[in-house]
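Asks: This is final-v9.txt, which holds compact mmCIF, N, CA and C atoms:
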```
# COMPACT_ATOMS: atom_id res chain seq x y z
N MET A 1 102.32 103.02 100.45
CA MET A 1 100.99 102.79 99.95
C MET A 1 100.64 101.32 100.20
N SER A 2 99.38 101.07 100.56
CA SER A 2 98.96 99.69 100.80
C SER A 2 97.65 99.41 100.06
N TRP A 3 97.35 98.14 99.94
CA TRP A 3 96.11 97.69 99.31
C TRP A 3 95.19 97.15 100.39
N LYS A 4 93.90 97.27 100.15
CA LYS A 4 92.90 96.68 101.04
C LYS A 4 92.37 95.43 100.36
N VAL A 5 92.28 94.34 101.10
CA VAL A 5 91.83 93.06 100.56
C VAL A 5 90.57 92.64 101.29
N ASP A 6 89.57 92.17 100.53
CA ASP A 6 88.31 91.74 101.12
C ASP A 6 87.85 90.45 100.44
N VAL A 7 87.30 89.54 101.22
CA VAL A 7 86.69 88.33 100.69
C VAL A 7 85.21 88.38 101.03
N ASP A 8 84.36 88.25 100.02
CA ASP A 8 82.92 88.19 100.23
C ASP A 8 82.55 86.78 100.67
N GLY A 9 82.28 86.62 101.96
CA GLY A 9 81.98 85.32 102.52
C GLY A 9 80.72 84.69 101.97
N ASP A 10 79.79 85.51 101.46
CA ASP A 10 78.55 84.98 100.88
C ASP A 10 78.80 84.42 99.48
N THR A 11 79.82 84.90 98.80
CA THR A 11 80.13 84.47 97.45
C THR A 11 81.18 83.36 97.42
N CYS A 12 82.09 83.37 98.39
CA CYS A 12 83.20 82.42 98.43
C CYS A 12 82.70 80.97 98.47
N ILE A 13 83.34 80.11 97.67
CA ILE A 13 82.99 78.69 97.65
C ILE A 13 84.05 77.83 98.34
N GLY A 14 85.06 78.46 98.91
CA GLY A 14 86.07 77.75 99.68
C GLY A 14 87.00 76.88 98.86
N SER A 15 87.33 77.30 97.65
CA SER A 15 88.21 76.49 96.80
C SER A 15 89.62 76.40 97.39
N GLY A 16 90.03 77.40 98.14
CA GLY A 16 91.35 77.41 98.77
C GLY A 16 92.48 77.89 97.89
N MET A 17 92.17 78.29 96.67
CA MET A 17 93.23 78.76 95.76
C MET A 17 93.95 79.98 96.32
N CYS A 18 93.20 80.89 96.93
CA CYS A 18 93.81 82.10 97.48
C CYS A 18 94.76 81.77 98.62
N ALA A 19 94.33 80.88 99.51
CA ALA A 19 95.16 80.50 100.65
C ALA A 19 96.41 79.74 100.19
N ALA A 20 96.29 78.98 99.12
CA ALA A 20 97.45 78.28 98.58
C ALA A 20 98.45 79.25 97.96
N LEU A 21 97.94 80.29 97.31
CA LEU A 21 98.81 81.27 96.66
C LEU A 21 99.46 82.23 97.66
N LYS A 22 98.70 82.65 98.66
CA LYS A 22 99.20 83.69 99.57
C LYS A 22 98.69 83.43 101.00
N PRO A 23 99.23 82.40 101.66
CA PRO A 23 98.72 82.03 102.98
C PRO A 23 98.91 83.09 104.06
N GLU A 24 99.83 84.03 103.85
CA GLU A 24 99.99 85.10 104.83
C GLU A 24 98.89 86.16 104.73
N VAL A 25 98.06 86.09 103.67
CA VAL A 25 96.97 87.05 103.49
C VAL A 25 95.60 86.36 103.60
N PHE A 26 95.49 85.11 103.10
CA PHE A 26 94.22 84.40 103.08
C PHE A 26 94.30 83.10 103.87
N ALA A 27 93.18 82.73 104.50
CA ALA A 27 93.10 81.45 105.22
C ALA A 27 91.71 80.87 105.01
N LEU A 28 91.64 79.55 105.02
CA LEU A 28 90.33 78.90 104.95
C LEU A 28 89.78 78.81 106.37
N ASP A 29 88.53 79.21 106.52
CA ASP A 29 87.85 79.17 107.81
C ASP A 29 86.58 78.38 107.59
N GLY A 30 86.67 77.08 107.76
CA GLY A 30 85.52 76.23 107.45
C GLY A 30 85.35 76.14 105.95
N ALA A 31 84.17 76.50 105.47
CA ALA A 31 83.85 76.37 104.05
C ALA A 31 84.15 77.63 103.24
N THR A 32 84.69 78.65 103.87
CA THR A 32 84.98 79.90 103.15
C THR A 32 86.37 80.42 103.52
N ALA A 33 86.86 81.27 102.67
CA ALA A 33 88.15 81.93 102.93
C ALA A 33 87.92 83.21 103.72
N THR A 34 88.92 83.57 104.48
CA THR A 34 88.91 84.83 105.20
C THR A 34 90.22 85.55 104.93
N VAL A 35 90.25 86.81 105.25
CA VAL A 35 91.46 87.61 105.10
C VAL A 35 92.19 87.64 106.44
N VAL A 36 93.44 87.25 106.43
CA VAL A 36 94.26 87.26 107.64
C VAL A 36 94.62 88.70 108.00
N THR A 37 94.94 89.49 106.98
CA THR A 37 95.25 90.90 107.17
C THR A 37 94.61 91.69 106.04
N GLU A 38 93.80 92.69 106.39
CA GLU A 38 93.08 93.47 105.38
C GLU A 38 93.96 94.43 104.61
N GLU A 39 94.99 94.96 105.25
CA GLU A 39 95.90 95.90 104.60
C GLU A 39 97.19 95.18 104.25
N VAL A 40 97.56 95.21 102.98
CA VAL A 40 98.78 94.52 102.54
C VAL A 40 99.62 95.46 101.69
N GLU A 41 100.90 95.19 101.65
CA GLU A 41 101.77 95.90 100.74
C GLU A 41 101.48 95.41 99.32
N PRO A 42 101.59 96.28 98.32
CA PRO A 42 101.35 95.84 96.94
C PRO A 42 102.17 94.60 96.60
N ASP A 43 101.48 93.61 96.05
CA ASP A 43 102.11 92.33 95.75
C ASP A 43 101.32 91.66 94.62
N GLU A 44 101.98 91.36 93.55
CA GLU A 44 101.35 90.75 92.38
C GLU A 44 100.62 89.45 92.72
N THR A 45 101.12 88.72 93.70
CA THR A 45 100.49 87.44 94.07
C THR A 45 99.11 87.66 94.67
N VAL A 46 98.89 88.77 95.35
CA VAL A 46 97.56 89.09 95.89
C VAL A 46 96.59 89.29 94.72
N LEU A 47 97.03 89.99 93.70
CA LEU A 47 96.19 90.17 92.51
C LEU A 47 95.97 88.85 91.79
N ASP A 48 96.98 88.00 91.74
CA ASP A 48 96.83 86.68 91.14
C ASP A 48 95.77 85.87 91.88
N ALA A 49 95.75 85.97 93.19
CA ALA A 49 94.75 85.26 93.99
C ALA A 49 93.34 85.76 93.66
N ALA A 50 93.18 87.07 93.55
CA ALA A 50 91.88 87.64 93.18
C ALA A 50 91.47 87.19 91.78
N ASP A 51 92.43 87.18 90.86
CA ASP A 51 92.16 86.76 89.48
C ASP A 51 91.76 85.29 89.40
N SER A 52 92.38 84.45 90.23
CA SER A 52 92.16 83.00 90.12
C SER A 52 90.97 82.50 90.93
N CYS A 53 90.35 83.35 91.70
CA CYS A 53 89.20 82.93 92.51
C CYS A 53 88.05 82.52 91.60
N PRO A 54 87.62 81.24 91.65
CA PRO A 54 86.56 80.79 90.75
C PRO A 54 85.21 81.45 91.02
N ALA A 55 85.02 81.97 92.24
CA ALA A 55 83.74 82.61 92.58
C ALA A 55 83.82 84.14 92.46
N MET A 56 85.03 84.65 92.12
CA MET A 56 85.23 86.11 92.04
C MET A 56 84.85 86.79 93.37
N ALA A 57 85.23 86.15 94.48
CA ALA A 57 84.85 86.63 95.80
C ALA A 57 85.88 87.56 96.44
N ILE A 58 87.02 87.76 95.79
CA ILE A 58 88.08 88.59 96.35
C ILE A 58 88.12 89.93 95.64
N GLU A 59 88.20 90.99 96.45
CA GLU A 59 88.33 92.34 95.89
C GLU A 59 89.56 92.99 96.50
N VAL A 60 90.38 93.58 95.65
CA VAL A 60 91.57 94.31 96.08
C VAL A 60 91.39 95.76 95.66
N THR A 61 91.56 96.68 96.60
CA THR A 61 91.40 98.09 96.29
C THR A 61 92.65 98.87 96.69
N GLU A 62 92.86 99.95 95.96
CA GLU A 62 93.94 100.88 96.26
C GLU A 62 93.34 102.28 96.24
N LYS A 63 93.39 102.96 97.38
CA LYS A 63 92.80 104.29 97.51
C LYS A 63 91.34 104.30 97.08
N GLY A 64 90.60 103.24 97.42
CA GLY A 64 89.18 103.15 97.11
C GLY A 64 88.84 102.68 95.70
N GLU A 65 89.86 102.50 94.85
CA GLU A 65 89.65 102.04 93.48
C GLU A 65 89.93 100.55 93.38
N VAL A 66 89.00 99.81 92.76
CA VAL A 66 89.17 98.37 92.61
C VAL A 66 90.27 98.10 91.57
N ILE A 67 91.28 97.33 92.02
CA ILE A 67 92.37 96.95 91.11
C ILE A 67 92.42 95.44 90.88
N GLY A 68 91.66 94.69 91.62
CA GLY A 68 91.60 93.25 91.45
C GLY A 68 90.25 92.72 91.88
N PRO A 69 89.73 91.74 91.18
CA PRO A 69 90.37 91.02 90.09
C PRO A 69 90.50 91.89 88.84
N ARG A 70 91.49 91.54 88.06
CA ARG A 70 91.72 92.28 86.81
C ARG A 70 90.82 91.73 85.71
N PRO A 71 90.43 92.60 84.79
CA PRO A 71 89.56 92.15 83.68
C PRO A 71 90.26 91.19 82.74
```
Using structure tokens, write down the structure that the file contains.
Replies:
Amino acid sequence: MSWKVDVDGDTCIGSGMCAALKPEVFALDGATATVVTEEVEPDETVLDAADSCPAMAIEVTEKGEVIGPRP
């Protein structure tokens, strides 16, 4: 089973927290973050990155259900 990761480029403020937490999944591309790989193996750090995003620009889904950021 894998998770799908997406960064909303219109919402992202480029804080870099996601890339610092999980550089194999997120990268800074100019003023915004991008996803290096959209499909990832389940990993708590990916959810931590979504939770810590100050702009709430990261969405993690599993089988179409949003699992991150967590409430």
Asks: Which residues are near Val40 (chain A)? Cut-off 6 Å, all atoms listed in the file, ignore same chain within fewer than 6 positions. Put them as an mmCIF file with N, CA and C atoms, in the coordinates of the input.
Replies:
```cif
data_model
loop_
_atom_site.group_PDB
_atom_site.id
_atom_site.type_symbol
_atom_site.label_atom_id
_atom_site.label_comp_id
_atom_site.auth_asym_id
_atom_site.auth_seq_id
_atom_site.Cartn_x
_atom_site.Cartn_y
_atom_site.Cartn_z
ATOM 1 N N SER A 2 99.380 101.070 100.560
ATOM 2 C CA SER A 2 98.960 99.690 100.800
ATOM 3 C C SER A 2 97.650 99.410 100.060
ATOM 4 N N TRP A 3 97.350 98.140 99.940
ATOM 5 C CA TRP A 3 96.110 97.690 99.310
ATOM 6 C C TRP A 3 95.190 97.150 100.390
ATOM 7 N N LYS A 4 93.900 97.270 100.150
ATOM 8 C CA LYS A 4 92.900 96.680 101.040
ATOM 9 C C LYS A 4 92.370 95.430 100.360
ATOM 10 N N VAL A 5 92.280 94.340 101.100
ATOM 11 C CA VAL A 5 91.830 93.060 100.560
ATOM 12 C C VAL A 5 90.570 92.640 101.290
#
```
Asks: Could you jot down the atom C of Gly9 (chain A) to atom N of Asp29 (chain A) separation for me, Å, one decimal place?
Replies: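 So the answer is 10.6 Å.
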Asks: Find the residues near region 11-16 of chain A: any atom within 9 Å, counting only C-alpha atoms, skip ones fewer than 2 places away on the same chain, and give them as a ChimeraX atom specification.
Replies: /A:7-9,18-21,26-33,53-58
Asks: Mind pulling up the distance from CA of Val36 (chain A) to CA of Pro23 (chain A)?
Replies: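 Answer for the CA of Pro23 (chain A) to CA of Val36 (chain A) separation: 8.3 Å.
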Asks: Among chain A, which residues carry a DSSP assignment of alpha helix (DSSP H), reported as a list in words?
Replies: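 Those residues are Met17, Cys18, Ala19, Ala20, Leu21, Glu44, Thr45, Val46, Leu47, Asp48, Ala49, Ala50, Asp51 and Ser52 of chain A.
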